[in-house]
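Chemist: The following file, target-v7.txt, comprises compact mmCIF, C-alpha atoms:
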# COMPACT_ATOMS: atom_id res chain seq x y z
CA MET A 1 96.08 7.64 -3.16
CA THR A 2 94.82 9.76 -6.05
CA THR A 3 91.21 9.79 -7.17
CA THR A 4 90.01 10.76 -10.58
CA PRO A 5 86.69 12.57 -10.90
CA GLN A 6 84.07 10.57 -12.75
CA ASP A 7 83.05 11.90 -16.17
CA HIS A 8 79.24 11.98 -15.97
CA ALA A 9 78.90 13.58 -19.41
CA ALA A 10 80.43 10.49 -21.03
CA ALA A 11 77.94 8.24 -19.22
CA THR A 12 74.94 10.22 -20.48
CA ALA A 13 76.29 10.25 -24.06
CA VAL A 14 76.20 6.46 -24.36
CA PRO A 15 72.53 6.17 -25.43
CA GLN A 16 73.06 8.93 -28.02
CA PHE A 17 75.92 7.05 -29.64
CA ALA A 18 74.09 3.72 -29.39
CA LEU A 19 71.00 4.99 -31.23
CA ALA A 20 73.10 6.93 -33.76
CA GLY A 21 74.86 3.63 -34.43
CA SER A 22 71.48 1.94 -34.82
CA PHE A 23 70.47 4.63 -37.32
CA LEU A 24 73.62 3.93 -39.37
CA GLU A 25 73.16 0.15 -39.10
CA GLY A 26 69.62 0.56 -40.45
CA LEU A 27 71.00 2.59 -43.34
CA ALA A 28 73.81 0.10 -44.00
CA THR A 29 71.38 -2.85 -44.16
CA GLN A 30 68.65 -0.87 -45.95
CA ASP A 31 66.39 -1.57 -42.95
CA TYR A 32 64.52 1.71 -42.93
CA ALA A 33 62.19 0.65 -40.09
CA ARG A 34 65.27 0.23 -37.89
CA LEU A 35 66.57 3.61 -39.06
CA GLY A 36 63.19 5.12 -38.11
CA ASP A 37 63.29 3.49 -34.67
CA ALA A 38 66.36 5.62 -33.85
CA LEU A 39 64.24 8.77 -34.37
CA THR A 40 61.71 10.43 -32.07
CA PRO A 41 58.13 10.47 -33.44
CA GLY A 42 58.26 14.25 -34.04
CA VAL A 43 61.81 14.39 -35.42
CA ARG A 44 62.65 17.14 -37.91
CA LEU A 45 65.07 16.65 -40.82
CA ARG A 46 66.43 19.71 -42.61
CA ALA A 47 68.52 18.70 -45.61
CA LEU A 48 70.63 20.77 -47.97
CA LEU A 49 70.49 18.71 -51.16
CA PRO A 50 71.71 19.55 -54.65
CA PRO A 51 68.23 20.88 -55.61
CA GLY A 52 68.04 23.04 -52.46
CA LEU A 53 66.87 23.06 -48.87
CA MET A 54 64.21 20.48 -47.98
CA GLU A 55 62.46 19.62 -44.72
CA TRP A 56 60.54 16.61 -43.41
CA ILE A 57 58.88 15.99 -40.04
CA GLY A 58 58.10 12.64 -38.41
CA ALA A 59 60.05 9.40 -37.97
CA GLU A 60 58.01 7.42 -40.49
CA VAL A 61 58.13 10.18 -43.12
CA ILE A 62 61.90 10.54 -42.71
CA ALA A 63 62.51 6.77 -42.82
CA GLN A 64 60.48 6.65 -46.06
CA GLN A 65 62.59 9.50 -47.48
CA PHE A 66 65.80 7.56 -46.78
CA ALA A 67 64.19 4.54 -48.48
CA ARG A 68 63.47 6.72 -51.55
CA TRP A 69 67.07 7.93 -51.61
CA PHE A 70 68.81 4.63 -50.96
CA GLY A 71 66.30 1.82 -51.49
CA ASP A 72 65.38 0.03 -54.71
CA THR A 73 68.99 -0.57 -55.72
CA GLU A 74 70.71 -3.33 -57.68
CA ASP A 75 73.83 -3.00 -55.51
CA PHE A 76 74.43 -1.08 -52.31
CA GLU A 77 77.59 -0.69 -50.19
CA LEU A 78 78.33 1.35 -47.10
CA LEU A 79 81.92 2.54 -47.71
CA ASP A 80 82.39 4.56 -44.53
CA ALA A 81 80.41 5.64 -41.49
CA THR A 82 81.32 7.46 -38.31
CA VAL A 83 79.59 8.83 -35.24
CA GLY A 84 81.12 11.56 -33.13
CA GLU A 85 80.20 14.55 -31.05
CA VAL A 86 80.72 18.26 -31.53
CA ASP A 87 80.12 20.16 -28.32
CA GLY A 88 76.96 18.29 -27.36
CA ARG A 89 75.63 17.56 -30.87
CA LEU A 90 76.01 14.23 -32.56
CA HIS A 91 77.96 14.20 -35.81
CA LEU A 92 77.15 11.40 -38.26
CA HIS A 93 78.88 10.83 -41.55
CA TRP A 94 78.35 8.15 -44.17
CA ARG A 95 79.52 7.41 -47.70
CA LEU A 96 77.58 5.00 -49.89
CA ARG A 97 78.22 3.37 -53.24
CA LEU A 98 75.23 2.14 -55.19
CA ARG A 99 73.79 1.13 -58.53
CA ALA A 100 70.16 1.84 -59.29
CA GLU A 101 68.33 1.88 -62.61
CA ARG A 102 66.61 5.14 -61.63
CA LEU A 103 70.03 6.86 -61.48
CA GLY A 104 71.36 5.60 -64.82
CA THR A 105 74.07 3.14 -65.71
CA GLY A 106 77.11 2.49 -63.57
CA TRP A 107 78.02 3.10 -59.97
CA PHE A 108 77.28 6.23 -57.97
CA THR A 109 78.81 7.49 -54.74
CA VAL A 110 76.95 9.72 -52.30
CA GLU A 111 78.20 11.21 -49.05
CA GLN A 112 76.18 12.83 -46.30
CA GLN A 113 77.15 14.73 -43.14
CA ALA A 114 74.59 15.24 -40.41
CA TYR A 115 74.44 16.95 -37.05
CA ALA A 116 71.80 15.72 -34.64
CA ASP A 117 70.19 16.63 -31.35
CA THR A 118 68.69 13.90 -29.25
CA GLY A 119 65.51 13.73 -27.24
CA ASP A 120 64.15 11.38 -24.62
CA GLY A 121 65.86 8.01 -24.53
CA GLY A 122 68.69 9.28 -26.75
CA ARG A 123 66.69 9.04 -29.98
CA ILE A 124 67.37 11.61 -32.67
CA ALA A 125 64.97 14.57 -32.42
CA ARG A 126 66.55 16.93 -34.96
CA LEU A 127 68.79 16.15 -37.91
CA ASP A 128 70.55 18.75 -40.07
CA LEU A 129 72.03 17.11 -43.17
CA LEU A 130 74.30 18.08 -46.06
CA CYS A 131 74.43 15.86 -49.16
CA THR A 132 76.81 15.64 -52.14
CA GLY A 133 74.15 14.19 -54.41
CA TYR A 134 74.72 11.05 -56.46
CA ARG A 135 78.19 11.34 -58.03
CA PRO A 136 78.85 9.02 -61.00
CA GLU A 137 82.07 7.10 -60.51
CA GLY A 138 84.77 8.06 -62.96
CA ASP A 139 83.09 11.40 -63.68
CA ASP A 140 85.78 14.07 -63.72
CA GLY A 141 83.30 16.88 -64.34
Could you express the structure from this file as structure tokens?
Modeler:
Amino acid sequence: MTTTPQDHAAATAVPQFALAGSFLEGLATQDYARLGDALTPGVRLRALLPPGLMEWIGAEVIAQQFARWFGDTEDFELLDATVGEVDGRLHLHWRLRLRAERLGTGWFTVEQQAYADTGDGGRIARLDLLCTGYRPEGDDG
């Protein structure tokens, strides 16, 4: 009889993936309170955006920032989302398609990549994000 050692690392990663999924579900449904619930109260977001490096601290502040980026839309679609792991850090990726008067006419696509560290209970405690900015569809420039 052969026994296989149990992978304890996989068992401890489950809450991380579950709350990362909850974060993405909150984004997909534009439920920013749910997105914020996946974050620790003192979470830090560092984001490299087209205008430059920005930083926010606190779950509520960060949830409100996502609402500013992706709320108040006429149409909103989550095109793709994934959660993975890179040597102990969560990797999240999402691509959105949206129309919003504040952006101008037509559809825009935006993609973000994020790497996250988790804290107690698997909630996200640090988020490092890279953003394409809003890209007008059909824009070849």
Chemist: For the point (68.7, 3.7, -58.3) in the file's frame, write as a PyMOL selection string all residues with an atom no more than 12 Å away, counting only C-alpha atoms.
Modeler: chain A and resi 67-76+97-110+134+136
Chemist: Produce a file of the selected residues containing C-alpha atoms, as a PDB file, in the frame of the given file.
Modeler:
ATOM      1  CA  ALA A  67      64.190   4.540 -48.480  1.00  0.00           C
ATOM      2  CA  ARG A  68      63.470   6.720 -51.550  1.00  0.00           C
ATOM      3  CA  TRP A  69      67.070   7.930 -51.610  1.00  0.00           C
ATOM      4  CA  PHE A  70      68.810   4.630 -50.960  1.00  0.00           C
ATOM      5  CA  GLY A  71      66.300   1.820 -51.490  1.00  0.00           C
ATOM      6  CA  ASP A  72      65.380   0.030 -54.710  1.00  0.00           C
ATOM      7  CA  THR A  73      68.990  -0.570 -55.720  1.00  0.00           C
ATOM      8  CA  GLU A  74      70.710  -3.330 -57.680  1.00  0.00           C
ATOM      9  CA  ASP A  75      73.830  -3.000 -55.510  1.00  0.00           C
ATOM     10  CA  PHE A  76      74.430  -1.080 -52.310  1.00  0.00           C
ATOM     11  CA  ARG A  97      78.220   3.370 -53.240  1.00  0.00           C
ATOM     12  CA  LEU A  98      75.230   2.140 -55.190  1.00  0.00           C
ATOM     13  CA  ARG A  99      73.790   1.130 -58.530  1.00  0.00           C
ATOM     14  CA  ALA A 100      70.160   1.840 -59.290  1.00  0.00           C
ATOM     15  CA  GLU A 101      68.330   1.880 -62.610  1.00  0.00           C
ATOM     16  CA  ARG A 102      66.610   5.140 -61.630  1.00  0.00           C
ATOM     17  CA  LEU A 103      70.030   6.860 -61.480  1.00  0.00           C
ATOM     18  CA  GLY A 104      71.360   5.600 -64.820  1.00  0.00           C
ATOM     19  CA  THR A 105      74.070   3.140 -65.710  1.00  0.00           C
ATOM     20  CA  GLY A 106      77.110   2.490 -63.570  1.00  0.00           C
ATOM     21  CA  TRP A 107      78.020   3.100 -59.970  1.00  0.00           C
ATOM     22  CA  PHE A 108      77.280   6.230 -57.970  1.00  0.00           C
ATOM     23  CA  THR A 109      78.810   7.490 -54.740  1.00  0.00           C
ATOM     24  CA  VAL A 110      76.950   9.720 -52.300  1.00  0.00           C
ATOM     25  CA  TYR A 134      74.720  11.050 -56.460  1.00  0.00           C
ATOM     26  CA  PRO A 136      78.850   9.020 -61.000  1.00  0.00           C
TER      27      PRO A 136
END
Chemist: Give me the residues within 10 Å of A:Pro51 as a short mmCIF file (atom, residue, chain, number, x, y, z; two decimals) with C-alpha atoms, in the frame of the given file, counting only C-alpha atoms and dropping any in the same chain fewer than 3 places off.
Modeler:
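Output saved as around.cif:
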data_model
loop_
_atom_site.label_atom_id
_atom_site.label_comp_id
_atom_site.auth_asym_id
_atom_site.auth_seq_id
_atom_site.Cartn_x
_atom_site.Cartn_y
_atom_site.Cartn_z
CA LEU A 48 70.63 20.77 -47.97
CA MET A 54 64.21 20.48 -47.98
CA GLY A 133 74.15 14.19 -54.41
#
Chemist: Which one of A:Gly88, A:Gly36, A:Gly52, A:Gly42 sits closest to A:Leu24 if you count only C-alpha atoms?
Modeler: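 Of the candidates, the smallest distance to A:Leu24 is held by A:Gly36.
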Chemist: Please compute the atom CA of A:Phe23-atom CA of A:Asp37 distance, one decimal, in Å.
Modeler: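 Computed distance, atom CA of A:Phe23 to atom CA of A:Asp37, equals 7.7 Å.
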Chemist: Could you pull the residues within 8 Å of A:Ala20, counting all atoms listed in the file, minus those fewer than 3 positions along the same chain, as a list in words?
Modeler: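 Neighbouring residues, sequence-local ones excluded: Gln16, Phe17, Phe23, Leu24, Ala38, Val83, Leu90, Leu92, Arg123 and Ile124 of chain A.
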Chemist: Could you check how far atom CA of A:Thr118 sits from atom CA of A:Arg89, in Å to one decimal?
Modeler: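 Going from atom CA of A:Thr118 over to atom CA of A:Arg89 covers 8.0 Å.
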Chemist: Using all atoms listed in the file, which of A:Ala33, A:Leu96, A:Ala125, A:Leu45 sits nearest A:Glu137?
Modeler: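 Smallest separation from A:Glu137 among the options: A:Leu96.
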Chemist: How far is it from atom CA of A:Asp120 to atom CA of A:Thr40, in Å with one decimal?
Modeler: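 Taking atom CA of A:Asp120 as the start and atom CA of A:Thr40 as the end point, the length is 7.9 Å.
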Chemist: Considering only C-alpha atoms, return as an mmCIF file with C-alpha atoms, in the coordinates of the input whatever protein or nucleic-acid residues lie within 10 Å of A:Ile57, sequence-local ones (same chain, fewer than 3 positions apart) excluded.
Modeler:
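Output contents, as saved in around.cif:
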data_model
loop_
_atom_site.group_PDB
_atom_site.id
_atom_site.type_symbol
_atom_site.label_atom_id
_atom_site.label_comp_id
_atom_site.auth_asym_id
_atom_site.auth_seq_id
_atom_site.Cartn_x
_atom_site.Cartn_y
_atom_site.Cartn_z
ATOM 1 C CA PRO A 41 58.130 10.470 -33.440
ATOM 2 C CA GLY A 42 58.260 14.250 -34.040
ATOM 3 C CA VAL A 43 61.810 14.390 -35.420
ATOM 4 C CA ARG A 44 62.650 17.140 -37.910
ATOM 5 C CA LEU A 45 65.070 16.650 -40.820
ATOM 6 C CA ARG A 46 66.430 19.710 -42.610
ATOM 7 C CA GLU A 60 58.010 7.420 -40.490
ATOM 8 C CA VAL A 61 58.130 10.180 -43.120
ATOM 9 C CA ILE A 62 61.900 10.540 -42.710
ATOM 10 C CA ALA A 125 64.970 14.570 -32.420
ATOM 11 C CA ARG A 126 66.550 16.930 -34.960
#
Chemist: Using the structure block above, produce a file of stretch 23-137 of chain A that contains C-alpha atoms, as an mmCIF file, in the first residue's frame.
Modeler:
data_model
loop_
_atom_site.group_PDB
_atom_site.id
_atom_site.type_symbol
_atom_site.label_atom_id
_atom_site.label_comp_id
_atom_site.auth_asym_id
_atom_site.auth_seq_id
_atom_site.Cartn_x
_atom_site.Cartn_y
_atom_site.Cartn_z
ATOM 1 C CA PHE A 23 -13.692 40.327 -4.300
ATOM 2 C CA LEU A 24 -14.113 39.572 -8.026
ATOM 3 C CA GLU A 25 -17.807 38.711 -7.608
ATOM 4 C CA GLY A 26 -18.326 42.072 -5.895
ATOM 5 C CA LEU A 27 -16.588 43.773 -8.808
ATOM 6 C CA ALA A 28 -18.568 41.794 -11.394
ATOM 7 C CA THR A 29 -21.911 42.727 -9.797
ATOM 8 C CA GLN A 30 -20.835 46.284 -8.932
ATOM 9 C CA ASP A 31 -21.432 45.417 -5.266
ATOM 10 C CA TYR A 32 -18.624 47.455 -3.777
ATOM 11 C CA ALA A 33 -19.614 46.658 -0.178
ATOM 12 C CA ARG A 34 -19.043 42.974 -0.975
ATOM 13 C CA LEU A 35 -15.730 43.834 -2.625
ATOM 14 C CA GLY A 36 -14.762 45.734 0.541
ATOM 15 C CA ASP A 37 -15.732 42.783 2.756
ATOM 16 C CA ALA A 38 -12.934 40.756 1.103
ATOM 17 C CA LEU A 39 -10.388 43.307 2.406
ATOM 18 C CA THR A 40 -8.886 43.727 5.866
ATOM 19 C CA PRO A 41 -9.767 47.040 7.577
ATOM 20 C CA GLY A 42 -6.193 48.350 7.178
ATOM 21 C CA VAL A 43 -5.616 47.075 3.638
ATOM 22 C CA ARG A 44 -3.215 49.020 1.412
ATOM 23 C CA LEU A 45 -3.719 49.415 -2.345
ATOM 24 C CA ARG A 46 -0.811 50.603 -4.476
ATOM 25 C CA ALA A 47 -1.889 51.136 -8.072
ATOM 26 C CA LEU A 48 0.106 51.998 -11.160
ATOM 27 C CA LEU A 49 -2.454 53.845 -13.264
ATOM 28 C CA PRO A 50 -1.997 55.773 -16.507
ATOM 29 C CA PRO A 51 -1.555 59.055 -14.552
ATOM 30 C CA GLY A 52 1.033 57.476 -12.228
ATOM 31 C CA LEU A 53 1.441 55.663 -8.934
ATOM 32 C CA MET A 54 -1.414 56.091 -6.447
ATOM 33 C CA GLU A 55 -2.027 54.666 -2.978
ATOM 34 C CA TRP A 56 -5.075 54.195 -0.761
ATOM 35 C CA ILE A 57 -5.425 52.696 2.726
ATOM 36 C CA GLY A 58 -8.533 51.173 4.298
ATOM 37 C CA ALA A 59 -11.204 48.764 3.073
ATOM 38 C CA GLU A 60 -13.941 51.384 2.821
ATOM 39 C CA VAL A 61 -11.708 53.902 1.035
ATOM 40 C CA ILE A 62 -10.564 51.264 -1.459
ATOM 41 C CA ALA A 63 -14.100 49.976 -2.092
ATOM 42 C CA GLN A 64 -15.160 53.584 -2.784
ATOM 43 C CA GLN A 65 -12.251 53.964 -5.217
ATOM 44 C CA PHE A 66 -13.385 50.890 -7.163
ATOM 45 C CA ALA A 67 -16.900 52.378 -7.210
ATOM 46 C CA ARG A 68 -15.462 55.605 -8.696
ATOM 47 C CA TRP A 69 -13.605 53.625 -11.357
ATOM 48 C CA PHE A 70 -16.349 51.179 -12.289
ATOM 49 C CA GLY A 71 -19.633 52.471 -10.877
ATOM 50 C CA ASP A 72 -22.088 54.915 -12.423
ATOM 51 C CA THR A 73 -22.151 53.141 -15.782
ATOM 52 C CA GLU A 74 -24.815 52.737 -18.449
ATOM 53 C CA ASP A 75 -23.523 49.241 -19.273
ATOM 54 C CA PHE A 76 -21.005 47.040 -17.499
ATOM 55 C CA GLU A 77 -19.657 43.583 -18.383
ATOM 56 C CA LEU A 78 -17.016 41.403 -16.789
ATOM 57 C CA LEU A 79 -15.280 39.821 -19.804
ATOM 58 C CA ASP A 80 -12.694 37.752 -17.954
ATOM 59 C CA ALA A 81 -11.516 37.133 -14.407
ATOM 60 C CA THR A 82 -9.033 34.731 -12.875
ATOM 61 C CA VAL A 83 -7.523 33.999 -9.498
ATOM 62 C CA GLY A 84 -4.226 32.191 -9.122
ATOM 63 C CA GLU A 85 -1.159 32.065 -6.952
ATOM 64 C CA VAL A 86 2.448 33.024 -7.564
ATOM 65 C CA ASP A 87 4.710 31.598 -4.889
ATOM 66 C CA GLY A 88 2.454 32.482 -1.969
ATOM 67 C CA ARG A 89 0.896 35.670 -3.385
ATOM 68 C CA LEU A 90 -2.538 35.780 -4.897
ATOM 69 C CA HIS A 91 -2.742 36.839 -8.526
ATOM 70 C CA LEU A 92 -6.025 38.403 -9.667
ATOM 71 C CA HIS A 93 -6.808 39.498 -13.177
ATOM 72 C CA TRP A 94 -9.946 41.035 -14.634
ATOM 73 C CA ARG A 95 -11.039 42.618 -17.898
ATOM 74 C CA LEU A 96 -14.114 44.823 -18.019
ATOM 75 C CA ARG A 97 -16.136 46.398 -20.793
ATOM 76 C CA LEU A 98 -18.240 49.419 -19.946
ATOM 77 C CA ARG A 99 -20.061 52.485 -21.170
ATOM 78 C CA ALA A 100 -20.206 55.565 -18.984
ATOM 79 C CA GLU A 101 -21.082 59.142 -19.884
ATOM 80 C CA ARG A 102 -18.103 60.389 -17.860
ATOM 81 C CA LEU A 103 -15.749 58.507 -20.233
ATOM 82 C CA GLY A 104 -17.281 59.723 -23.504
ATOM 83 C CA THR A 105 -19.295 57.972 -26.173
ATOM 84 C CA GLY A 106 -18.965 54.296 -26.984
ATOM 85 C CA TRP A 107 -17.588 51.280 -25.204
ATOM 86 C CA PHE A 108 -14.363 51.132 -23.223
ATOM 87 C CA THR A 109 -12.295 48.149 -22.128
ATOM 88 C CA VAL A 110 -10.083 48.167 -19.049
ATOM 89 C CA GLU A 111 -7.851 45.413 -17.729
ATOM 90 C CA GLN A 112 -6.201 45.168 -14.342
ATOM 91 C CA GLN A 113 -3.645 42.763 -12.870
ATOM 92 C CA ALA A 114 -3.173 42.589 -9.123
ATOM 93 C CA TYR A 115 -0.983 40.715 -6.693
ATOM 94 C CA ALA A 116 -2.266 40.385 -3.161
ATOM 95 C CA ASP A 117 -1.131 39.303 0.272
ATOM 96 C CA THR A 118 -3.707 38.071 2.725
ATOM 97 C CA GLY A 119 -4.139 38.647 6.421
ATOM 98 C CA ASP A 120 -6.224 37.043 9.133
ATOM 99 C CA GLY A 121 -9.128 35.003 7.835
ATOM 100 C CA GLY A 122 -7.742 35.086 4.289
ATOM 101 C CA ARG A 123 -8.904 38.639 3.572
ATOM 102 C CA ILE A 124 -6.750 40.786 1.319
ATOM 103 C CA ALA A 125 -4.313 42.922 3.345
ATOM 104 C CA ARG A 126 -2.159 44.323 0.529
ATOM 105 C CA LEU A 127 -2.986 44.795 -3.137
ATOM 106 C CA ASP A 128 -0.504 45.867 -5.819
ATOM 107 C CA LEU A 129 -2.331 46.711 -9.049
ATOM 108 C CA LEU A 130 -1.455 47.559 -12.651
ATOM 109 C CA CYS A 131 -4.105 49.133 -14.902
ATOM 110 C CA THR A 132 -4.366 49.667 -18.676
ATOM 111 C CA GLY A 133 -6.664 52.647 -18.288
ATOM 112 C CA TYR A 134 -9.939 52.941 -20.183
ATOM 113 C CA ARG A 135 -9.264 51.897 -23.792
ATOM 114 C CA PRO A 136 -11.882 53.005 -26.344
ATOM 115 C CA GLU A 137 -13.028 50.070 -28.437
#
